[in-house]
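The block underneath contains the structure these notes are about, expressed in structure tokens.
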Amino acid sequence: MAENNANLMESTKPPLMVSVRGLVNRFGQQTVHDDLAMDVYRGEIFGLIGGSGTGKSVLLRSILGLRSPQSGSIEIEGRDITQMNRAQLLKVKRSYGVTFQHGALFSALTVSQNVQLPLAEYCDLPSQVLESLALQKIRLVGLDDSAADKFPSQLSGGMIKRASLARALILDPQLLFLDEPTSGLDPIAAAAFDDLLLYLQKSLQLTVVMITHDLDSIFRTCNRVGVIVDRRMISGTLPEVLKEEHPWIREYFHGPRAGAVRDAVLSSSVSSGV
Amino acid sequence: MLIEWLSTAEEQTVRLSGAWCAESVGSLEKEVDALVIPSAVHVWLDASQVTNMDLTGAWFVRRFQARLDQCSTSYSWRGTPPPTVEFVQHSLERDIGSDGNGHRDGLRAREQLGRLTLNQVESLREALDFTGRIGAVLRRAAGSWRALRAASITRHVYEAGLLAIPIVALIAFLISVIVAYIGAQELKQFGGEVFVVDLVSVSVLRELGVLLTSIIVAGRSGSSYAAEIGVMQLNEEVDALRAMGVDPVEVLVLPRILGLVLALPLLTVIADAMGIAGGAVLSWLVLGIPFNQFAVRMQEALSPTTFWAGLIKAPIFAILIAAVGTYRGLQVRDSSRELGRLTTQAVVESIFLVLLADAIFAVVYWEIDF
């Protein structure tokens with residue numbers, strides 16, 4: 001189904017959601033990104049891949065406006081965030097949701113309070129409305145109602161990831177950034193999270209950019225992927241990227257851990273006539 | 001205008017328009033709840049003018065529909081209902097009545113009293129357990145250089161002692177200036193200005209020097225011990241130590257206690273010296289007592305034990321401060337709020353214990369005429 005969507009998008013060319021051009025990020029002498037370009041189209045799930053230390057998180061932090069790059073432009077829905085003042089940037093920041101690798105839930109607040117927080121900061125609402133809207137999002141990510149009153153320390157790893165997704169969704173963003181959403185989950189929980197992501201993307205028409213190392217997750221959910229190699233990005237649909245000759249990409253997708261998944265997914269997409 | 005009630009002779013219509021989304025949540029809440037609903041009629045809901053309906057908007061539609069139900073006003077959609085409303089209705093609602101919770105019933109007073117007592121007993125037991133473990137580790141450490149962790153102790157002497165010298169010196173100087181000044185004012189009435197020397201030197205050496213130093217150190221180092229170990233506890237670093245078979249009391253608690261036992265007496269000596277200096281400077285400036293006369297008078301006022309009566313308390317206070325700080329740090333569990341609460345508690349309790357111990361010292365000194 002993922003392939004289906006991708007093909008559909010290629011033909012209709014949906015508008016760009018995120019567009020990065022000529023991005024340069026440097027730490028002292030070390031150049032992390034050099035003239036990096038990245039495009040994410042509306043409605044797709046875009047997987048961001050790369051070895052440790054290739055700057056996936058730095059790229060994400062740049063796009064989120066948490067770090068100003070040395071040069072380059074970063075457009076979110078057509079507006080360049082590197083040229084924005086504080087107020088404009090704040091408005092953009094409210095238009096997307098983010099989850100962090102370890103959840104980053106506020107440990108002193110309950111799940112419900114965590115989820116309410118962005119909304120409560122955004123405008124004054126009666127607490128009953130806040131609680132009820134939070135409960136809506138808690139249910140949306142597949143958590144039980146009883147999780148609402150729990151503290152983050154009482155949650156399992158999978159529940160933390162879901163609660164943090166609920167918090168990212170509270171302002172109903174069109175764009176979602178996920179940093180390793182399935183890392184640290186067992187295969188069953190990770191697959192359930194993939195299902196959730198596909199379900200949300202389908203029912204809410206979300207655009208998702210996610211950093212991930214989880215090959216199953218990449219093959220199941222991503223419409224397109226971008227691989228950071230040699231300080232640049234190679235991106236495309238999975239079959240396109242699989243054809244790349246770059247040694248790291250070959251190693252990554254053709255290594256011992258990838259073989260079985262890749263074959264299974266690709267053969268199923270061939271047999272279904274894509 | 002997001003919601004409007006249009007009524008004509010034939011029919012009633014509620015027209016939703018504009019952006020029903022999270023961005024306009026403030027106005028949605030006001031307008032939806034402000035709309036007056038006539039009871040027992042039938043209305044058409046018209047969403048054709050809505051530009052954007054997300055889950056938050058749909059929640060408000062459902063809230064409005066619930067209000068219609070309450071007024072026993074029936075409704076139906078003109079055209080197709082927005083898909084997100086359907087989605088919310090079918091996937092995200094379980095029992096509308098149970099939305100929002102009021103089910104947390106408070107514990108009864110008697111039950112609370114019982115819990116409080118049990119908690120107190122438990123925390124007393126834990127504190128005793130902690131003290132016992134320090135003793136056990138100390139015995140083990142006495143037998144081997146490695147367990148004593150000289151490098152770690154040195155670091156704590158440096159951080160709690162050397163780095164605290166400027167603030168301790170300044171405060172000791174200022175406080176003794178204040179004591180001397182007030183003393184001079186009072187004693188002038190009897191023509192006994194020279195007794196300012198006795199007042200300053202005895203009070204600084206016996207009490208003020210060590211007490212002020214301890215309170216400053218409790219604020220500086222007691223809190224940092226609790227916070228440092230607390231964050232390690234939150235990051236599971238303490239569990240990692242335990243899993244490696246390393247005793248956290250040995251690597252985290254003991255070096256801090258021993259480091260402070262070394263540092264606090266040294267700081268006290270500095271505070272004593274600065275306190276005397278403050279008194280001397282003020283006596284010279286305000287009362288015209290020259291330094292050499294101040295020194296002679298001071299020697300007459302002090303007994304050989306005065307200095308030691310103050311200094312001997314320093315290691316005891318150091319043990320109290322370091323033990324409470326590390327103990328509270330190790331108690332941190334689960335949340336950043338706990339960290340803040342226990343750090344505060346560590347400082348408050350260590351200051352309290354220092355003052356309590358000082359009072360006990362005063363009584364004992366009186367009894368043995370020290």
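For the structure tokens, the naming scheme is as follows: chains receive sequential letters (A, B, ...) according to their order of presentation, residues are indexed from 1 within each chain, and ligands are indexed from 1 in presentation order.
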Taking a cut-off of 9 Å and counting only C-alpha atoms, can you build a table that, for each residue of chain B near chain A, reports the nearest atom pair and how far apart they are in Å (one decimal), sorted by chain then residue number, as a tab-separated table?
residue	atom	partner	partner_atom	distance
B:Cys21	CA	A:Asp172	CA	7.5
B:Ala22	CA	A:Leu171	CA	5.3
B:Glu23	CA	A:Leu171	CA	7.3
B:Val25	CA	A:Cys123	CA	7.7
B:Gly26	CA	A:Cys123	CA	6.2
B:Glu29	CA	A:Leu125	CA	7.6
B:Asp54	CA	A:Asp172	CA	6.6
B:Leu55	CA	A:Asp172	CA	6.7
B:Thr56	CA	A:Asp172	CA	7.0
B:Trp59	CA	A:Leu133	CA	7.3
B:Thr84	CA	A:Leu204	CA	8.1
B:Phe87	CA	A:Ser203	CA	8.0
B:Val88	CA	A:Gln136	CA	8.2
B:Ser91	CA	A:Leu140	CA	7.8
B:Leu92	CA	A:Arg139	CA	5.9
B:Glu93	CA	A:Gln136	CA	7.6
B:Asp99	CA	A:Ser132	CA	6.2
B:Gly100	CA	A:Ser132	CA	5.6
B:Asn101	CA	A:Glu131	CA	8.6
B:Arg333	CA	A:Ser153	CA	8.7
B:Asp334	CA	A:Ser153	CA	5.4
B:Ser335	CA	A:Ser107	CA	4.6
B:Ser336	CA	A:Ser107	CA	5.9
B:Arg337	CA	A:Ala108	CA	5.3
B:Glu338	CA	A:Ala108	CA	7.9
Export of the given selection (N, CA, C and O atoms) as an mmCIF file, in the first residue's frame:
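Heads up, here's the output in again-v2.cif:
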data_model
loop_
_atom_site.group_PDB
_atom_site.id
_atom_site.type_symbol
_atom_site.label_atom_id
_atom_site.label_comp_id
_atom_site.auth_asym_id
_atom_site.auth_seq_id
_atom_site.Cartn_x
_atom_site.Cartn_y
_atom_site.Cartn_z
ATOM 1 N N CYS B 21 -10.656 24.472 13.634
ATOM 2 C CA CYS B 21 -9.432 23.709 13.872
ATOM 3 C C CYS B 21 -8.750 24.215 15.144
ATOM 4 O O CYS B 21 -9.177 25.191 15.756
ATOM 5 N N ALA B 22 -7.684 23.513 15.518
ATOM 6 C CA ALA B 22 -7.016 23.788 16.786
ATOM 7 C C ALA B 22 -6.581 25.246 16.901
ATOM 8 O O ALA B 22 -6.556 25.807 17.987
ATOM 9 N N GLU B 23 -6.254 25.856 15.745
ATOM 10 C CA GLU B 23 -5.786 27.234 15.787
ATOM 11 C C GLU B 23 -6.834 28.188 16.353
ATOM 12 O O GLU B 23 -6.503 29.177 16.989
ATOM 13 N N VAL B 25 -9.181 27.431 18.528
ATOM 14 C CA VAL B 25 -9.832 26.720 19.631
ATOM 15 C C VAL B 25 -10.456 27.666 20.658
ATOM 16 O O VAL B 25 -11.529 27.409 21.188
ATOM 17 N N GLY B 26 -9.808 28.833 20.864
ATOM 18 C CA GLY B 26 -10.329 29.782 21.846
ATOM 19 C C GLY B 26 -11.702 30.296 21.458
ATOM 20 O O GLY B 26 -12.651 30.270 22.249
ATOM 21 N N GLU B 29 -14.496 27.602 21.520
ATOM 22 C CA GLU B 29 -15.019 27.279 22.842
ATOM 23 C C GLU B 29 -16.060 28.311 23.274
ATOM 24 O O GLU B 29 -17.127 27.952 23.775
ATOM 25 N N ASP B 54 -10.592 19.913 11.758
ATOM 26 C CA ASP B 54 -9.694 18.882 12.258
ATOM 27 C C ASP B 54 -10.298 18.236 13.499
ATOM 28 O O ASP B 54 -11.472 18.455 13.815
ATOM 29 N N LEU B 55 -9.504 17.421 14.192
ATOM 30 C CA LEU B 55 -10.074 16.647 15.299
ATOM 31 C C LEU B 55 -10.569 17.536 16.426
ATOM 32 O O LEU B 55 -11.577 17.254 17.065
ATOM 33 N N THR B 56 -9.853 18.645 16.660
ATOM 34 C CA THR B 56 -10.290 19.564 17.708
ATOM 35 C C THR B 56 -11.630 20.194 17.325
ATOM 36 O O THR B 56 -12.550 20.274 18.141
ATOM 37 N N TRP B 59 -14.306 17.739 17.737
ATOM 38 C CA TRP B 59 -14.673 17.567 19.139
ATOM 39 C C TRP B 59 -15.693 18.615 19.563
ATOM 40 O O TRP B 59 -16.647 18.326 20.289
ATOM 41 N N THR B 84 -14.182 14.112 9.542
ATOM 42 C CA THR B 84 -13.498 14.060 10.841
ATOM 43 C C THR B 84 -14.493 13.912 11.984
ATOM 44 O O THR B 84 -14.188 13.300 12.996
ATOM 45 N N PHE B 87 -15.274 10.391 12.156
ATOM 46 C CA PHE B 87 -14.106 9.687 12.693
ATOM 47 C C PHE B 87 -14.076 9.795 14.215
ATOM 48 O O PHE B 87 -13.911 8.803 14.926
ATOM 49 N N VAL B 88 -14.268 11.031 14.703
ATOM 50 C CA VAL B 88 -14.247 11.240 16.149
ATOM 51 C C VAL B 88 -15.372 10.453 16.808
ATOM 52 O O VAL B 88 -15.184 9.758 17.802
ATOM 53 N N SER B 91 -14.547 6.486 16.268
ATOM 54 C CA SER B 91 -13.292 5.884 16.715
ATOM 55 C C SER B 91 -12.815 6.373 18.074
ATOM 56 O O SER B 91 -12.043 5.706 18.731
ATOM 57 N N LEU B 92 -13.203 7.578 18.463
ATOM 58 C CA LEU B 92 -12.558 8.147 19.635
ATOM 59 C C LEU B 92 -13.482 8.370 20.823
ATOM 60 O O LEU B 92 -13.063 8.872 21.843
ATOM 61 N N GLU B 93 -14.757 8.014 20.662
ATOM 62 C CA GLU B 93 -15.645 8.210 21.797
ATOM 63 C C GLU B 93 -16.051 6.866 22.348
ATOM 64 O O GLU B 93 -16.364 5.946 21.608
ATOM 65 N N ASP B 99 -16.676 11.146 29.936
ATOM 66 C CA ASP B 99 -15.565 12.026 29.580
ATOM 67 C C ASP B 99 -15.251 12.982 30.724
ATOM 68 O O ASP B 99 -16.142 13.513 31.362
ATOM 69 N N GLY B 100 -13.968 13.191 30.947
ATOM 70 C CA GLY B 100 -13.587 14.013 32.096
ATOM 71 C C GLY B 100 -13.814 13.171 33.331
ATOM 72 O O GLY B 100 -14.732 12.359 33.363
ATOM 73 N N ASN B 101 -13.016 13.330 34.333
ATOM 74 C CA ASN B 101 -13.139 12.385 35.444
ATOM 75 C C ASN B 101 -13.358 13.099 36.771
ATOM 76 O O ASN B 101 -12.774 14.109 37.076
ATOM 77 N N ARG B 333 13.321 9.552 42.989
ATOM 78 C CA ARG B 333 12.735 8.539 42.114
ATOM 79 C C ARG B 333 11.907 9.232 41.051
ATOM 80 O O ARG B 333 11.209 10.189 41.335
ATOM 81 N N ASP B 334 11.997 8.748 39.855
ATOM 82 C CA ASP B 334 11.007 8.990 38.797
ATOM 83 C C ASP B 334 10.908 10.387 38.191
ATOM 84 O O ASP B 334 10.780 10.509 36.997
ATOM 85 N N SER B 335 10.921 11.456 38.982
ATOM 86 C CA SER B 335 10.550 12.707 38.320
ATOM 87 C C SER B 335 11.410 13.880 38.742
ATOM 88 O O SER B 335 12.028 13.896 39.798
ATOM 89 N N SER B 336 11.426 14.874 37.867
ATOM 90 C CA SER B 336 12.208 16.071 38.130
ATOM 91 C C SER B 336 11.672 16.816 39.346
ATOM 92 O O SER B 336 12.409 17.508 40.041
ATOM 93 N N ARG B 337 10.375 16.690 39.599
ATOM 94 C CA ARG B 337 9.806 17.376 40.755
ATOM 95 C C ARG B 337 10.339 16.793 42.052
ATOM 96 O O ARG B 337 10.656 17.516 42.998
ATOM 97 N N GLU B 338 10.479 15.462 42.084
ATOM 98 C CA GLU B 338 11.066 14.792 43.237
ATOM 99 C C GLU B 338 12.468 15.332 43.508
ATOM 100 O O GLU B 338 12.859 15.566 44.641
#
Near-Ile270 (chain B) list (12 Å; only C-alpha atoms; drop same-chain fewer than 3 positions) as a ChimeraX atom specification = /B:161-162,164-173,204-205,209-210,212-213,263-267,273-277,311
request  = May I have all residues of region 52-122 of chain A that DSSP, computed from the backbone, assigns to strand (DSSP E or B), given as number ranges by chain?
outcome  = A: 71-76, 79-80, 96-99
Now that the selection is made, can you save its residues with N, CA and C atoms as a PDB file, in the first residue's frame?
ATOM      1  N   SER A  71      24.665  27.873   6.450  1.00  0.00           N
ATOM      2  CA  SER A  71      24.002  28.486   5.300  1.00  0.00           C
ATOM      3  C   SER A  71      22.958  27.526   4.760  1.00  0.00           C
ATOM      4  N   GLY A  72      22.165  28.023   3.819  1.00  0.00           N
ATOM      5  CA  GLY A  72      21.128  27.182   3.231  1.00  0.00           C
ATOM      6  C   GLY A  72      19.750  27.674   3.607  1.00  0.00           C
ATOM      7  N   SER A  73      18.750  27.165   2.899  1.00  0.00           N
ATOM      8  CA  SER A  73      17.382  27.570   3.192  1.00  0.00           C
ATOM      9  C   SER A  73      16.564  26.355   3.630  1.00  0.00           C
ATOM     10  N   ILE A  74      15.660  26.576   4.554  1.00  0.00           N
ATOM     11  CA  ILE A  74      14.781  25.517   5.031  1.00  0.00           C
ATOM     12  C   ILE A  74      13.362  26.035   4.923  1.00  0.00           C
ATOM     13  N   GLU A  75      12.599  25.487   3.987  1.00  0.00           N
ATOM     14  CA  GLU A  75      11.233  25.965   3.817  1.00  0.00           C
ATOM     15  C   GLU A  75      10.250  24.960   4.372  1.00  0.00           C
ATOM     16  N   ILE A  76       9.360  25.451   5.228  1.00  0.00           N
ATOM     17  CA  ILE A  76       8.262  24.622   5.702  1.00  0.00           C
ATOM     18  C   ILE A  76       6.983  25.219   5.144  1.00  0.00           C
ATOM     19  N   ARG A  79       7.601  28.544   3.318  1.00  0.00           N
ATOM     20  CA  ARG A  79       8.176  29.725   3.959  1.00  0.00           C
ATOM     21  C   ARG A  79       9.525  29.376   4.599  1.00  0.00           C
ATOM     22  N   ASP A  80      10.501  30.208   4.308  1.00  0.00           N
ATOM     23  CA  ASP A  80      11.864  29.924   4.761  1.00  0.00           C
ATOM     24  C   ASP A  80      12.026  30.286   6.232  1.00  0.00           C
ATOM     25  N   TYR A  96       3.555  22.295  13.629  1.00  0.00           N
ATOM     26  CA  TYR A  96       3.949  20.902  13.508  1.00  0.00           C
ATOM     27  C   TYR A  96       4.092  20.252  14.883  1.00  0.00           C
ATOM     28  N   GLY A  97       4.055  18.926  14.893  1.00  0.00           N
ATOM     29  CA  GLY A  97       4.249  18.183  16.131  1.00  0.00           C
ATOM     30  C   GLY A  97       5.580  17.458  16.096  1.00  0.00           C
ATOM     31  N   VAL A  98       6.192  17.294  17.252  1.00  0.00           N
ATOM     32  CA  VAL A  98       7.490  16.629  17.332  1.00  0.00           C
ATOM     33  C   VAL A  98       7.467  15.597  18.455  1.00  0.00           C
ATOM     34  N   THR A  99       8.058  14.441  18.200  1.00  0.00           N
ATOM     35  CA  THR A  99       8.331  13.546  19.329  1.00  0.00           C
ATOM     36  C   THR A  99       9.833  13.323  19.389  1.00  0.00           C
TER      37      THR A  99
END
key: Nearby residues (only C-alpha atoms) at most 12 Å from Arg67 (chain A), same-chain spacing under 3 positions excluded, as a PyMOL selection string   = chain A and resi 24-27+57-64+70-71+74+81-82
Could you dump the residues just selected with N, CA and C atoms as an mmCIF file, in the first residue's frame?
data_model
loop_
_atom_site.group_PDB
_atom_site.id
_atom_site.type_symbol
_atom_site.label_atom_id
_atom_site.label_comp_id
_atom_site.auth_asym_id
_atom_site.auth_seq_id
_atom_site.Cartn_x
_atom_site.Cartn_y
_atom_site.Cartn_z
ATOM 1 N N VAL A 24 24.208 23.802 4.983
ATOM 2 C CA VAL A 24 25.563 23.566 5.492
ATOM 3 C C VAL A 24 25.533 23.671 7.004
ATOM 4 N N ASN A 25 25.967 22.628 7.667
ATOM 5 C CA ASN A 25 26.092 22.648 9.123
ATOM 6 C C ASN A 25 27.514 22.288 9.494
ATOM 7 N N ARG A 26 28.121 23.116 10.307
ATOM 8 C CA ARG A 26 29.499 22.862 10.712
ATOM 9 C C ARG A 26 29.624 22.969 12.217
ATOM 10 N N PHE A 27 30.446 22.088 12.788
ATOM 11 C CA PHE A 27 30.834 22.243 14.197
ATOM 12 C C PHE A 27 32.337 22.434 14.207
ATOM 13 N N SER A 57 20.126 13.869 13.471
ATOM 14 C CA SER A 57 19.522 14.710 14.506
ATOM 15 C C SER A 57 19.835 16.179 14.272
ATOM 16 N N VAL A 58 21.037 16.464 13.769
ATOM 17 C CA VAL A 58 21.392 17.852 13.479
ATOM 18 C C VAL A 58 20.471 18.402 12.391
ATOM 19 N N LEU A 59 20.201 17.570 11.374
ATOM 20 C CA LEU A 59 19.286 17.983 10.306
ATOM 21 C C LEU A 59 17.897 18.259 10.878
ATOM 22 N N LEU A 60 17.434 17.354 11.738
ATOM 23 C CA LEU A 60 16.109 17.534 12.325
ATOM 24 C C LEU A 60 16.065 18.806 13.169
ATOM 25 N N ARG A 61 17.124 19.017 13.967
ATOM 26 C CA ARG A 61 17.157 20.220 14.811
ATOM 27 C C ARG A 61 17.184 21.487 13.956
ATOM 28 N N SER A 62 17.855 21.413 12.808
ATOM 29 C CA SER A 62 17.868 22.574 11.908
ATOM 30 C C SER A 62 16.472 22.844 11.368
ATOM 31 N N ILE A 63 15.788 21.778 10.954
ATOM 32 C CA ILE A 63 14.440 21.957 10.389
ATOM 33 C C ILE A 63 13.474 22.474 11.458
ATOM 34 N N LEU A 64 13.682 22.024 12.699
ATOM 35 C CA LEU A 64 12.790 22.454 13.778
ATOM 36 C C LEU A 64 13.098 23.871 14.255
ATOM 37 N N GLN A 70 24.835 27.018 9.106
ATOM 38 C CA GLN A 70 25.804 28.000 8.603
ATOM 39 C C GLN A 70 25.286 28.658 7.318
ATOM 40 N N SER A 71 24.665 27.873 6.450
ATOM 41 C CA SER A 71 24.002 28.486 5.300
ATOM 42 C C SER A 71 22.958 27.526 4.760
ATOM 43 N N ILE A 74 15.660 26.576 4.554
ATOM 44 C CA ILE A 74 14.781 25.517 5.031
ATOM 45 C C ILE A 74 13.362 26.035 4.923
ATOM 46 N N ILE A 81 12.273 29.273 7.066
ATOM 47 C CA ILE A 81 12.337 29.559 8.512
ATOM 48 C C ILE A 81 13.654 30.215 8.900
ATOM 49 N N THR A 82 14.691 30.109 8.048
ATOM 50 C CA THR A 82 15.963 30.736 8.432
ATOM 51 C C THR A 82 15.892 32.251 8.334
#
task = Excluding Glu228 (chain B) and residues on its chain fewer than 2 positions from it, collect all residues at most 10 Å away from it, counting only C-alpha atoms, and give them as a count of residues only.
result = 15
ask   = Taking into account only C-alpha atoms, which residue in the set A:Pro69, A:Pro15, A:Gly226, A:Gly158 is nearest to Gln101 (chain A)?
value =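 Among A:Pro69, A:Pro15, A:Gly226, A:Gly158, it is A:Gly158 that comes nearest to Gln101 (chain A).
Taking region 90-121 of chain A and asking which residues DSSP calls alpha helix (DSSP H) on the backbone, you get A:Leu90, A:Lys91, A:Val92, A:Lys93, A:Val111, A:Ser112, A:Gln113, A:Asn114, A:Val115, A:Gln116, A:Leu117, A:Pro118, A:Leu119, A:Ala120, A:Glu121.
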ask   = What separation in Å, quoted to one decimal, exists between CA of Cys222 (chain A) and CA of Thr207 (chain A)?
value =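 If I compute the distance from CA of Cys222 (chain A) to CA of Thr207 (chain A), I get 10.9 Å.
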Residue with smallest distance to Trp284 (chain B) - pool B:Phe307, B:Phe317, B:Tyr327, B:Tyr181, counting only C-alpha atoms = B:Tyr181
message = So that I can check the surroundings of Val246 (chain B), please list as a ChimeraX atom specification every protein, DNA and RNA residue that reaches within 12 Å of it, counting only C-alpha atoms and ignoring chain neighbours fewer than 5 positions away.
response = /B:137,147,237-241,251-252
For the residues selected in the previous step, produce a file with N, CA and C atoms as an mmCIF file, in the first residue's frame.
data_model
loop_
_atom_site.group_PDB
_atom_site.id
_atom_site.type_symbol
_atom_site.label_atom_id
_atom_site.label_comp_id
_atom_site.auth_asym_id
_atom_site.auth_seq_id
_atom_site.Cartn_x
_atom_site.Cartn_y
_atom_site.Cartn_z
ATOM 1 N N VAL B 137 30.506 0.445 55.360
ATOM 2 C CA VAL B 137 31.427 0.767 54.275
ATOM 3 C C VAL B 137 32.685 1.418 54.824
ATOM 4 N N ALA B 147 39.402 1.421 48.535
ATOM 5 C CA ALA B 147 38.016 1.701 48.904
ATOM 6 C C ALA B 147 37.852 3.127 49.434
ATOM 7 N N GLU B 237 21.979 5.738 36.665
ATOM 8 C CA GLU B 237 23.420 5.546 36.833
ATOM 9 C C GLU B 237 23.711 4.808 38.138
ATOM 10 N N VAL B 238 22.899 5.105 39.156
ATOM 11 C CA VAL B 238 23.107 4.440 40.440
ATOM 12 C C VAL B 238 22.799 2.954 40.309
ATOM 13 N N ASP B 239 21.726 2.652 39.548
ATOM 14 C CA ASP B 239 21.407 1.237 39.315
ATOM 15 C C ASP B 239 22.527 0.553 38.544
ATOM 16 N N ALA B 240 23.120 1.309 37.586
ATOM 17 C CA ALA B 240 24.224 0.742 36.816
ATOM 18 C C ALA B 240 25.382 0.379 37.749
ATOM 19 N N LEU B 241 25.680 1.269 38.688
ATOM 20 C CA LEU B 241 26.741 0.983 39.665
ATOM 21 C C LEU B 241 26.425 -0.279 40.442
ATOM 22 N N VAL B 251 31.164 4.623 46.580
ATOM 23 C CA VAL B 251 31.718 5.548 45.592
ATOM 24 C C VAL B 251 31.076 6.920 45.605
ATOM 25 N N LEU B 252 29.825 7.012 46.058
ATOM 26 C CA LEU B 252 29.141 8.304 45.998
ATOM 27 C C LEU B 252 29.036 8.977 47.361
#
